[in-house]
file work_1.txt (compact mmCIF, C-alpha atoms and all ligand atoms)
# COMPACT_ATOMS: atom_id res chain seq x y z
CA MET C 1 13.39 5.06 -22.55
CA SER C 2 12.18 6.99 -19.52
CA LYS C 3 9.08 5.89 -17.68
CA THR C 4 7.62 6.74 -14.29
CA ILE C 5 5.75 4.02 -12.42
CA ALA C 6 3.77 4.18 -9.19
CA VAL C 7 5.40 2.21 -6.39
CA ILE C 8 3.52 1.01 -3.31
CA ARG C 9 5.99 -0.44 -0.83
CA GLY C 10 3.23 -2.03 1.23
CA ASP C 11 3.19 -3.56 4.70
CA GLY C 12 5.18 -6.13 6.68
CA ILE C 13 8.02 -7.38 4.49
CA GLY C 14 6.74 -5.13 1.67
CA PRO C 15 9.25 -2.27 2.16
CA GLU C 16 12.20 -4.70 2.46
CA ILE C 17 11.45 -6.64 -0.71
CA THR C 18 10.40 -3.51 -2.62
CA ASN C 19 13.58 -1.60 -1.74
CA ALA C 20 15.70 -4.61 -2.71
CA SER C 21 13.79 -4.94 -6.00
CA LEU C 22 14.21 -1.26 -6.84
CA ARG C 23 17.95 -1.49 -6.19
CA VAL C 24 18.10 -4.28 -8.74
CA LEU C 25 15.98 -2.37 -11.26
CA ASP C 26 18.18 0.69 -10.79
CA ALA C 27 21.30 -1.37 -11.49
CA MET C 28 19.73 -2.41 -14.80
CA GLU C 29 19.53 1.24 -15.88
CA CYS C 30 16.36 0.74 -17.85
CA GLY C 31 15.11 4.30 -17.38
CA LEU C 32 12.50 3.73 -14.67
CA HIS C 33 11.52 6.51 -12.26
CA TYR C 34 9.34 6.00 -9.20
CA ASP C 35 6.38 7.85 -7.76
CA PHE C 36 6.06 6.46 -4.21
CA VAL C 37 2.54 6.23 -2.82
CA ASP C 38 0.95 4.35 0.07
CA ALA C 39 -1.80 1.81 0.58
CA GLY C 40 -2.77 -0.59 3.35
CA LEU C 41 -1.87 -0.39 7.00
CA SER C 42 1.07 1.97 6.36
CA ALA C 43 -1.26 4.38 4.54
CA GLN C 44 -3.70 4.23 7.42
CA GLU C 45 -0.93 5.17 9.84
CA LYS C 46 0.47 7.99 7.68
CA HIS C 47 -2.66 9.45 6.09
CA GLY C 48 -5.56 8.04 8.10
CA GLU C 49 -6.86 6.19 5.04
CA LEU C 50 -6.26 2.69 3.68
CA LEU C 51 -6.44 3.75 0.06
CA PRO C 52 -5.67 7.48 -0.27
CA ALA C 53 -6.82 9.43 -3.33
CA ALA C 54 -3.18 10.25 -4.13
CA THR C 55 -2.52 6.54 -4.61
CA ILE C 56 -5.46 6.12 -6.99
CA ASP C 57 -4.34 9.27 -8.85
CA ALA C 58 -0.77 8.03 -9.24
CA ILE C 59 -1.89 4.66 -10.65
CA THR C 60 -4.32 6.45 -12.98
CA LYS C 61 -1.61 8.82 -14.17
CA HIS C 62 1.27 6.38 -14.65
CA ARG C 63 -0.92 3.41 -15.62
CA VAL C 64 1.65 0.99 -14.20
CA ALA C 65 2.31 0.15 -10.55
CA LEU C 66 4.69 -2.14 -8.70
CA LYS C 67 3.12 -3.13 -5.41
CA GLY C 68 4.37 -4.82 -2.25
CA PRO C 69 1.91 -6.91 -0.20
CA LEU C 70 -0.76 -5.04 1.73
CA THR C 71 -2.28 -5.80 5.10
CA THR C 72 -6.02 -5.13 5.09
CA PRO C 73 -7.08 -4.54 8.71
CA ILE C 74 -10.37 -6.13 9.74
CA GLY C 75 -13.09 -3.50 10.10
CA GLY C 76 -11.30 -0.98 7.85
CA GLY C 77 -14.19 -0.79 5.40
CA PHE C 78 -12.64 -3.07 2.75
CA SER C 79 -12.75 -6.85 2.76
CA SER C 80 -9.56 -6.80 0.68
CA LEU C 81 -7.60 -3.86 -0.66
CA ASN C 82 -6.29 -5.97 -3.52
CA VAL C 83 -9.80 -6.85 -4.63
CA GLU C 84 -10.72 -3.16 -4.28
CA LEU C 85 -7.83 -2.12 -6.56
CA ARG C 86 -8.83 -4.74 -9.14
CA LYS C 87 -12.39 -3.42 -9.14
CA ARG C 88 -11.41 0.24 -9.16
CA PHE C 89 -9.23 -0.14 -12.27
CA ASP C 90 -11.15 -3.00 -13.91
CA LEU C 91 -8.01 -5.16 -13.90
CA TYR C 92 -9.67 -8.05 -15.65
CA ALA C 93 -6.66 -10.25 -16.38
CA ASN C 94 -4.71 -11.92 -13.61
CA VAL C 95 -1.58 -13.30 -15.24
CA ARG C 96 0.50 -15.74 -13.22
CA PRO C 97 3.59 -17.35 -14.70
CA ALA C 98 5.07 -20.48 -13.13
CA ILE C 99 8.61 -21.25 -14.22
CA THR C 100 11.02 -23.86 -12.87
CA PHE C 101 14.26 -22.43 -11.58
CA PRO C 102 17.18 -24.72 -10.81
CA GLY C 103 18.11 -25.05 -7.14
CA THR C 104 14.50 -24.67 -5.95
CA LYS C 105 11.96 -27.15 -4.63
CA ALA C 106 10.29 -27.48 -8.03
CA ARG C 107 8.65 -30.83 -8.68
CA TYR C 108 9.75 -30.93 -12.33
CA ASP C 109 12.44 -29.36 -14.50
CA GLY C 110 11.42 -27.13 -17.36
CA ILE C 111 7.92 -26.04 -16.34
CA ASP C 112 6.87 -22.81 -18.05
CA ILE C 113 3.13 -22.26 -17.65
CA ILE C 114 1.21 -19.00 -17.68
CA THR C 115 -2.23 -19.02 -16.06
CA VAL C 116 -4.55 -16.26 -17.26
CA ARG C 117 -7.39 -15.93 -14.76
CA GLU C 118 -10.53 -13.84 -15.26
CA ASN C 119 -10.33 -11.37 -12.41
CA THR C 120 -13.65 -9.50 -12.24
CA GLU C 121 -16.65 -11.86 -12.41
CA GLY C 122 -17.41 -15.58 -12.00
CA ALA C 123 -17.85 -16.71 -8.40
CA TYR C 124 -16.29 -13.52 -7.00
CA GLY C 125 -18.89 -11.00 -8.11
CA ALA C 126 -21.53 -11.25 -5.40
CA GLU C 127 -21.44 -11.64 -1.64
CA GLY C 128 -24.01 -14.43 -1.62
CA GLN C 129 -26.91 -14.74 0.78
CA THR C 130 -28.23 -16.87 3.58
CA LEU C 131 -31.61 -18.21 2.55
CA SER C 132 -33.16 -19.54 5.70
CA ALA C 133 -33.63 -17.78 9.01
CA ASP C 134 -31.82 -20.57 10.86
CA GLY C 135 -28.73 -19.94 8.70
CA GLU C 136 -28.69 -23.51 7.43
CA VAL C 137 -29.09 -22.74 3.74
CA ALA C 138 -26.80 -20.39 1.84
CA LEU C 139 -26.60 -19.41 -1.79
CA SER C 140 -23.99 -17.70 -3.89
CA GLN C 141 -24.08 -16.80 -7.53
CA ILE C 142 -21.73 -17.22 -10.42
CA ARG C 143 -21.94 -14.56 -13.07
CA VAL C 144 -20.33 -15.05 -16.46
CA THR C 145 -20.76 -12.63 -19.35
CA HIS C 146 -19.98 -12.83 -23.03
CA ARG C 147 -17.95 -9.62 -22.80
CA GLY C 148 -16.02 -10.75 -19.73
CA SER C 149 -15.23 -14.12 -21.27
CA GLU C 150 -14.29 -12.69 -24.63
CA ARG C 151 -11.81 -10.16 -23.31
CA ILE C 152 -10.00 -12.63 -21.05
CA VAL C 153 -9.76 -15.33 -23.72
CA ARG C 154 -8.59 -12.77 -26.25
CA TYR C 155 -5.99 -11.56 -23.75
CA ALA C 156 -4.68 -15.13 -23.40
CA PHE C 157 -4.46 -15.68 -27.16
CA GLU C 158 -2.80 -12.31 -27.74
CA LEU C 159 -0.30 -13.12 -25.00
CA ALA C 160 0.41 -16.48 -26.65
CA ARG C 161 0.83 -14.86 -30.06
CA ARG C 162 3.14 -12.10 -28.87
CA SER C 163 5.34 -14.39 -26.82
CA GLY C 164 5.59 -17.14 -29.43
CA ARG C 165 3.67 -19.68 -27.39
CA ARG C 166 1.96 -22.52 -29.22
CA LYS C 167 -0.96 -23.68 -27.12
CA VAL C 168 -3.82 -22.27 -25.07
CA THR C 169 -5.75 -24.66 -22.81
CA VAL C 170 -9.27 -23.49 -21.96
CA VAL C 171 -10.16 -24.84 -18.52
CA HIS C 172 -13.86 -25.22 -17.69
CA LYS C 173 -16.59 -27.32 -16.07
CA ALA C 174 -19.16 -27.00 -18.83
CA ASN C 175 -20.25 -30.63 -18.46
CA ILE C 176 -21.86 -29.73 -15.10
CA MET C 177 -22.14 -25.94 -15.03
CA LYS C 178 -23.77 -25.84 -18.43
CA THR C 179 -24.86 -22.21 -18.41
CA THR C 180 -21.93 -20.33 -16.85
CA SER C 181 -18.95 -22.47 -17.73
CA GLY C 182 -20.80 -23.38 -20.93
CA LEU C 183 -20.92 -19.73 -21.98
CA PHE C 184 -17.23 -19.29 -21.22
CA LEU C 185 -16.35 -22.33 -23.34
CA LYS C 186 -18.58 -21.27 -26.23
CA VAL C 187 -16.98 -17.81 -26.33
CA ALA C 188 -13.49 -19.34 -26.05
CA ARG C 189 -14.17 -21.53 -29.08
CA GLU C 190 -15.28 -18.49 -31.08
CA VAL C 191 -12.22 -16.44 -30.15
CA ALA C 192 -9.85 -19.36 -30.82
CA GLN C 193 -10.93 -19.35 -34.48
CA GLU C 194 -9.16 -16.05 -34.91
CA TYR C 195 -5.82 -17.56 -33.90
CA PRO C 196 -5.32 -20.49 -36.28
CA GLU C 197 -1.57 -20.68 -35.57
CA ILE C 198 -2.20 -21.42 -31.88
CA VAL C 199 -3.45 -24.81 -30.76
CA CYS C 200 -6.55 -24.47 -28.58
CA ASN C 201 -7.51 -27.40 -26.42
CA GLU C 202 -10.21 -27.74 -23.80
CA MET C 203 -9.89 -29.45 -20.46
CA ILE C 204 -12.27 -29.97 -17.55
CA VAL C 205 -10.96 -28.38 -14.37
CA ASP C 206 -10.67 -31.47 -12.17
CA ASN C 207 -8.80 -33.37 -14.86
CA THR C 208 -6.59 -30.28 -15.32
CA CYS C 209 -5.51 -30.49 -11.69
CA MET C 210 -4.51 -34.12 -12.08
CA GLN C 211 -2.77 -33.49 -15.41
CA LEU C 212 -0.84 -30.56 -13.93
CA VAL C 213 0.55 -32.75 -11.18
CA MET C 214 1.31 -35.77 -13.40
CA ASN C 215 2.31 -34.23 -16.71
CA PRO C 216 2.74 -30.46 -16.47
CA MET C 217 4.88 -30.25 -19.62
CA GLN C 218 1.77 -30.49 -21.80
CA PHE C 219 0.69 -27.00 -20.66
CA ASP C 220 1.72 -23.66 -22.10
CA VAL C 221 -0.94 -20.95 -21.56
CA ILE C 222 -4.05 -21.75 -19.47
CA VAL C 223 -7.11 -19.50 -19.58
CA THR C 224 -10.02 -19.89 -17.18
CA THR C 225 -12.68 -18.26 -15.03
CA ASN C 226 -12.04 -16.57 -11.70
CA LEU C 227 -12.34 -19.33 -9.08
CA PHE C 228 -10.75 -22.08 -11.20
CA GLY C 229 -7.91 -19.69 -12.01
CA ASP C 230 -7.37 -18.91 -8.35
CA ILE C 231 -6.95 -22.59 -7.53
CA ILE C 232 -4.98 -23.62 -10.61
CA SER C 233 -2.49 -20.78 -10.33
CA ASP C 234 -1.69 -21.76 -6.74
CA LEU C 235 -1.32 -25.36 -7.84
CA CYS C 236 1.17 -24.19 -10.48
CA ALA C 237 3.03 -22.12 -7.86
CA GLY C 238 3.34 -25.28 -5.76
CA LEU C 239 4.74 -27.18 -8.74
CA VAL C 240 7.61 -24.73 -9.11
CA GLY C 241 8.54 -24.36 -5.45
CA GLY C 242 5.95 -22.25 -3.68
CA LEU C 243 4.81 -18.70 -3.04
CA GLY C 244 8.31 -17.25 -2.71
CA LEU C 245 8.64 -17.64 -6.48
CA ALA C 246 5.12 -16.71 -7.58
CA PRO C 247 4.49 -13.31 -9.18
CA GLY C 248 1.20 -11.97 -10.49
CA ALA C 249 0.09 -9.19 -12.79
CA ASN C 250 -3.35 -7.59 -12.68
CA ILE C 251 -3.98 -6.04 -16.05
CA GLY C 252 -6.75 -3.83 -17.42
CA SER C 253 -7.02 -1.55 -20.40
CA GLU C 254 -6.28 1.59 -18.33
CA ALA C 255 -3.81 0.32 -15.73
CA ALA C 256 -1.73 -2.64 -14.62
CA ILE C 257 -0.47 -3.60 -11.18
CA PHE C 258 2.44 -6.00 -10.71
CA GLU C 259 3.01 -7.82 -7.45
CA ALA C 260 4.11 -10.92 -5.59
CA VAL C 261 1.36 -13.41 -4.85
CA HIS C 262 2.35 -13.84 -1.20
CA GLY C 263 1.21 -11.61 1.66
CA SER C 264 2.97 -9.26 4.05
CA ALA C 265 4.51 -12.11 6.13
CA PRO C 266 4.33 -10.33 9.51
CA ASP C 267 6.13 -13.28 11.14
CA ILE C 268 9.42 -12.41 9.41
CA ALA C 269 8.99 -8.65 8.82
CA GLY C 270 12.00 -6.54 9.79
CA LYS C 271 14.38 -9.50 9.97
CA GLY C 272 16.00 -8.93 6.59
CA ILE C 273 15.32 -12.49 5.42
CA ALA C 274 12.26 -12.01 3.19
CA ASN C 275 12.65 -13.46 -0.27
CA PRO C 276 12.33 -10.67 -2.88
CA CYS C 277 12.18 -13.13 -5.77
CA ALA C 278 8.42 -13.17 -6.35
CA LEU C 279 8.26 -9.37 -6.48
CA LEU C 280 11.28 -9.30 -8.80
CA LEU C 281 9.55 -11.78 -11.08
CA GLY C 282 6.56 -9.43 -10.97
CA ALA C 283 8.98 -6.68 -12.05
CA CYS C 284 9.98 -8.93 -14.99
CA GLN C 285 6.33 -9.09 -16.02
CA MET C 286 6.18 -5.30 -15.70
CA LEU C 287 9.24 -4.80 -17.91
CA GLY C 288 7.62 -7.02 -20.54
CA HIS C 289 4.40 -5.01 -20.27
CA LEU C 290 6.40 -1.81 -20.81
CA GLY C 291 7.88 -3.24 -24.00
CA MET C 292 11.25 -4.07 -22.44
CA GLU C 293 11.12 -7.81 -23.06
CA ASP C 294 14.91 -7.98 -23.45
CA GLN C 295 15.40 -6.43 -20.01
CA ALA C 296 12.82 -8.83 -18.55
CA ALA C 297 14.76 -11.77 -19.97
CA ARG C 298 18.00 -10.32 -18.64
CA LEU C 299 16.56 -10.08 -15.13
CA ARG C 300 15.05 -13.58 -15.30
CA ASN C 301 18.44 -14.97 -16.33
CA ALA C 302 20.13 -13.25 -13.42
CA ILE C 303 17.51 -14.68 -11.05
CA ARG C 304 18.14 -18.12 -12.55
CA ASP C 305 21.89 -17.66 -11.90
CA VAL C 306 21.57 -16.54 -8.30
CA LEU C 307 18.87 -19.00 -7.19
CA SER C 308 21.35 -21.85 -7.29
CA ARG C 309 23.66 -20.10 -4.80
CA LYS C 310 22.73 -21.29 -1.32
CA ASP C 311 24.91 -18.65 0.37
CA ARG C 312 22.80 -15.93 -1.25
CA VAL C 313 19.22 -17.19 -1.31
CA THR C 314 16.89 -16.63 1.63
CA PRO C 315 16.00 -19.29 4.24
CA ASP C 316 12.54 -20.05 2.77
CA LEU C 317 14.40 -21.48 -0.24
CA GLY C 318 16.83 -23.41 1.94
CA GLY C 319 19.64 -20.86 1.79
CA ASN C 320 21.45 -18.89 4.47
CA GLY C 321 21.50 -15.57 2.64
CA SER C 322 19.30 -12.51 3.17
CA THR C 323 17.13 -10.09 1.22
CA ASP C 324 20.08 -7.77 0.64
CA LEU C 325 22.63 -10.49 -0.12
CA PHE C 326 20.27 -11.87 -2.72
CA ALA C 327 19.79 -8.44 -4.30
CA ASP C 328 23.55 -7.77 -4.23
CA ALA C 329 24.23 -11.08 -5.97
CA LEU C 330 21.66 -10.22 -8.63
CA ILE C 331 23.28 -6.87 -9.23
CA GLU C 332 26.70 -8.53 -9.62
CA SER C 333 25.23 -11.09 -11.99
CA LEU C 334 23.49 -8.37 -14.06
CA ARG C 335 26.74 -6.42 -14.39
CA GLY C 336 28.43 -9.58 -15.65
CA HIS C 337 25.92 -9.97 -18.50
P1 LIG N 1 1.75 -14.65 3.80
O1 LIG N 1 1.93 -14.97 2.36
O2 LIG N 1 2.08 -13.27 4.24
O3 LIG N 1 2.66 -15.65 4.66
C1 LIG N 1 2.52 -17.07 4.65
C2 LIG N 1 3.85 -17.74 5.06
O4 LIG N 1 4.80 -17.61 3.98
C3 LIG N 1 4.51 -17.07 6.27
O5 LIG N 1 5.13 -18.05 7.04
C4 LIG N 1 5.54 -16.15 5.67
O6 LIG N 1 6.66 -15.92 6.49
C5 LIG N 1 5.94 -16.90 4.40
N1 LIG N 1 6.33 -15.95 3.32
C6 LIG N 1 5.48 -15.20 2.56
N2 LIG N 1 6.17 -14.43 1.71
C7 LIG N 1 7.47 -14.69 1.92
C8 LIG N 1 8.69 -14.20 1.36
N3 LIG N 1 8.70 -13.28 0.37
N4 LIG N 1 9.86 -14.66 1.82
C9 LIG N 1 9.89 -15.58 2.81
N5 LIG N 1 8.78 -16.09 3.38
C10 LIG N 1 7.59 -15.66 2.95
O7 LIG N 1 0.26 -15.03 4.18
P2 LIG N 1 -0.59 -14.71 5.50
O8 LIG N 1 0.28 -14.91 6.70
O9 LIG N 1 -1.80 -15.52 5.33
O10 LIG N 1 -1.01 -13.20 5.39
C11 LIG N 1 -0.36 -12.12 6.06
C12 LIG N 1 -0.98 -10.81 5.63
O11 LIG N 1 -0.79 -10.59 4.23
C13 LIG N 1 -2.49 -10.70 5.84
O12 LIG N 1 -2.77 -9.42 6.35
C14 LIG N 1 -3.07 -10.86 4.46
O13 LIG N 1 -4.30 -10.17 4.31
C15 LIG N 1 -2.02 -10.22 3.61
N6 LIG N 1 -1.99 -10.70 2.21
C16 LIG N 1 -1.75 -9.77 1.24
C17 LIG N 1 -1.63 -10.15 -0.09
C18 LIG N 1 -1.31 -9.12 -1.12
O14 LIG N 1 -1.19 -7.94 -0.82
N7 LIG N 1 -1.15 -9.49 -2.37
C19 LIG N 1 -1.80 -11.56 -0.51
C20 LIG N 1 -2.00 -12.47 0.61
C21 LIG N 1 -2.11 -12.02 1.92
MG MG N 2 -5.41 -17.19 -4.40

call {"tool": "encode", "arguments": {"input": "work_1.txt", "output": "structure tokens"}}
result
Amino acid sequence: MSKTIAVIRGDGIGPEITNASLRVLDAMECGLHYDFVDAGLSAQEKHGELLPAATIDAITKHRVALKGPLTTPIGGGFSSLNVELRKRFDLYANVRPAITFPGTKARYDGIDIITVRENTEGAYGAEGQTLSADGEVALSQIRVTHRGSERIVRYAFELARRSGRRKVTVVHKANIMKTTSGLFLKVAREVAQEYPEIVCNEMIVDNTCMQLVMNPMQFDVIVTTNLFGDIISDLCAGLVGGLGLAPGANIGSEAAIFEAVHGSAPDIAGKGIANPCALLLGACQMLGHLGMEDQAARLRNAIRDVLSRKDRVTPDLGGNGSTDLFADALIESLRGH
């Protein structure tokens, strides 16, 4: 197939890990073409704008983007460019897989958990307010809707169905937050009825955190509201060895943006030692989204191969390799398969 995607190289280590990732994708010959656009600090420097219209247009047109980390300067008019992109394209599903790879600092072997986090409402909708003049009382709101809950839970069940997964765990706090988390749970129960072949279980969020640390193998797909999903997906990333291995997809009905969870790492930018693995795992999610599940599996297998080679992996994973050595080793491994 032939498909053009928007590519945002991003800031800091962004260009290094993006270029390495594109070299790997090119070696796979899966028919991808790139429309390079800018966002973040680099866009500000080149075009005088943090989020140029050409970038929005390219994502709108191609519907799929691979994105390096962005630096959002303070006082630039956005509190976060990533949040802005999610809002702009209504990217309601934040999908974060956590998989154990051998040779990493994973706490357990064999973890394979996908967290599906609601990305547009919950505790992240409103700015909140300070109630008293002395600034001693503050209030923020949590907003949960039937529509928002239904589409995210349905997304999780559809994902489970299409990828042959057996269980969806609905994570909530409906025992205390009876209205908001209660609504989410009620809707989840309704949607689950439509997927009789998939086990649906419910778990309170604090217990989920403990269970994830003590017995992560019981989890398959997790679906939850915005704030709980934020925390749980980072917990899962920690279980499998940290941010260097954590990709994320932001998916809506009109567009999808694939990225690494980590930031622009200014402390190591330009040194050639940034780990491209999280972005490459984001590229795996993208290939799956584009219907190239076999290519995604091929790339994941190559990553699995190379991660156990200390002479190739980057220092954050305990190796003495570099961004380019890692990418080269992946390309060799891909050619061998
Ligand atoms: P960060 O994730 O950039 O860095 C935290 C630590 O992890 C640093 O020591 C860094 O060197 C290391 N690290 C991160 N990614 C790495 C990689 N691929 N390979 C090796 N080491 C890696 O978080 P920080 O320092 O809080 O944020 C820096 C900038 O990134 C900020 O401007 C922030 O706003 C932005 N950011 C952007 C995100 C995005 O675009 N998705 C997400 C998080 C932060
Ligand atoms: Mg987070």

call {"tool": "closest_atom_pairs", "arguments": {"input": "work_1.txt", "of": "chain C", "to": "ligand MG 2 (chain N)", "cutoff": "7 Å", "atoms": "only C-alpha atoms and all ligand atoms", "output": "tab-separated table"}}
result
residue	atom	partner	partner_atom	distance
C:Asp230	CA	N:MG2	MG	4.7
C:Ile231	CA	N:MG2	MG	6.4
C:Asp234	CA	N:MG2	MG	6.3

call {"tool": "residues_around", "arguments": {"input": "work_1.txt", "residues": "range 206-214 of chain C", "least_positions_apart": "5", "cutoff": "9 Å", "atoms": "only C-alpha atoms", "output": "compact mmCIF listing (two decimals) with C-alpha atoms, keeping the file's coordinate frame"}}
result
# COMPACT_ATOMS: atom_id res chain seq x y z
CA ARG C 107 8.65 -30.83 -8.68
CA VAL C 171 -10.16 -24.84 -18.52
CA HIS C 172 -13.86 -25.22 -17.69
CA LYS C 173 -16.59 -27.32 -16.07
CA PHE C 219 0.69 -27.00 -20.66
CA ILE C 232 -4.98 -23.62 -10.61
CA LEU C 235 -1.32 -25.36 -7.84
CA CYS C 236 1.17 -24.19 -10.48
CA LEU C 239 4.74 -27.18 -8.74

call {"tool": "closest_atom_pairs", "arguments": {"input": "work_1.txt", "of": "chain C", "to": "ligand LIG 1 (chain N)", "cutoff": "6 Å", "atoms": "only C-alpha atoms and all ligand atoms", "output": "Markdown table"}}
result
| residue | atom | partner | partner_atom | distance |
| --- | --- | --- | --- | --- |
| C:Pro69 | CA | N:LIG1 | O14 | 3.3 |
| C:Leu70 | CA | N:LIG1 | O14 | 3.9 |
| C:Thr71 | CA | N:LIG1 | O12 | 3.9 |
| C:Thr72 | CA | N:LIG1 | O13 | 5.4 |
| C:Gly244 | CA | N:LIG1 | N3 | 5.0 |
| C:Val261 | CA | N:LIG1 | N7 | 5.3 |
| C:His262 | CA | N:LIG1 | O1 | 3.8 |
| C:Gly263 | CA | N:LIG1 | O2 | 3.2 |
| C:Ser264 | CA | N:LIG1 | O11 | 4.0 |
| C:Ala265 | CA | N:LIG1 | O2 | 3.3 |
| C:Asp267 | CA | N:LIG1 | O6 | 5.4 |
| C:Ile268 | CA | N:LIG1 | O6 | 5.3 |
| C:Ala274 | CA | N:LIG1 | N4 | 3.8 |
| C:Asn275 | CA | N:LIG1 | N4 | 3.7 |
| C:Pro276 | CA | N:LIG1 | N3 | 5.5 |
| C:Asp316 | CA | N:LIG1 | C9 | 5.2 |

call {"tool": "axis_aligned_box", "arguments": {"input": "work_1.txt", "around": "range 22-34 of chain C", "padding_each_side": "3 Å", "output": "AutoDock Vina command-line options"}}
result
--center_x 15.3 --center_y 1.1 --center_z -12.0 --size_x 18.0 --size_y 16.8 --size_z 17.7

call {"tool": "closest_residue", "arguments": {"input": "work_1.txt", "among": "C:Arg117, C:Arg88, C:Arg162, C:Lys178", "to": "His289 in chain C", "atoms": "only C-alpha atoms"}}
result
C:Arg162

call {"tool": "atom_distance", "arguments": {"input": "work_1.txt", "atom1": "CA of Ile74 in chain C", "atom2": "CA of Lys46 in chain C"}}
result
17.9 Å
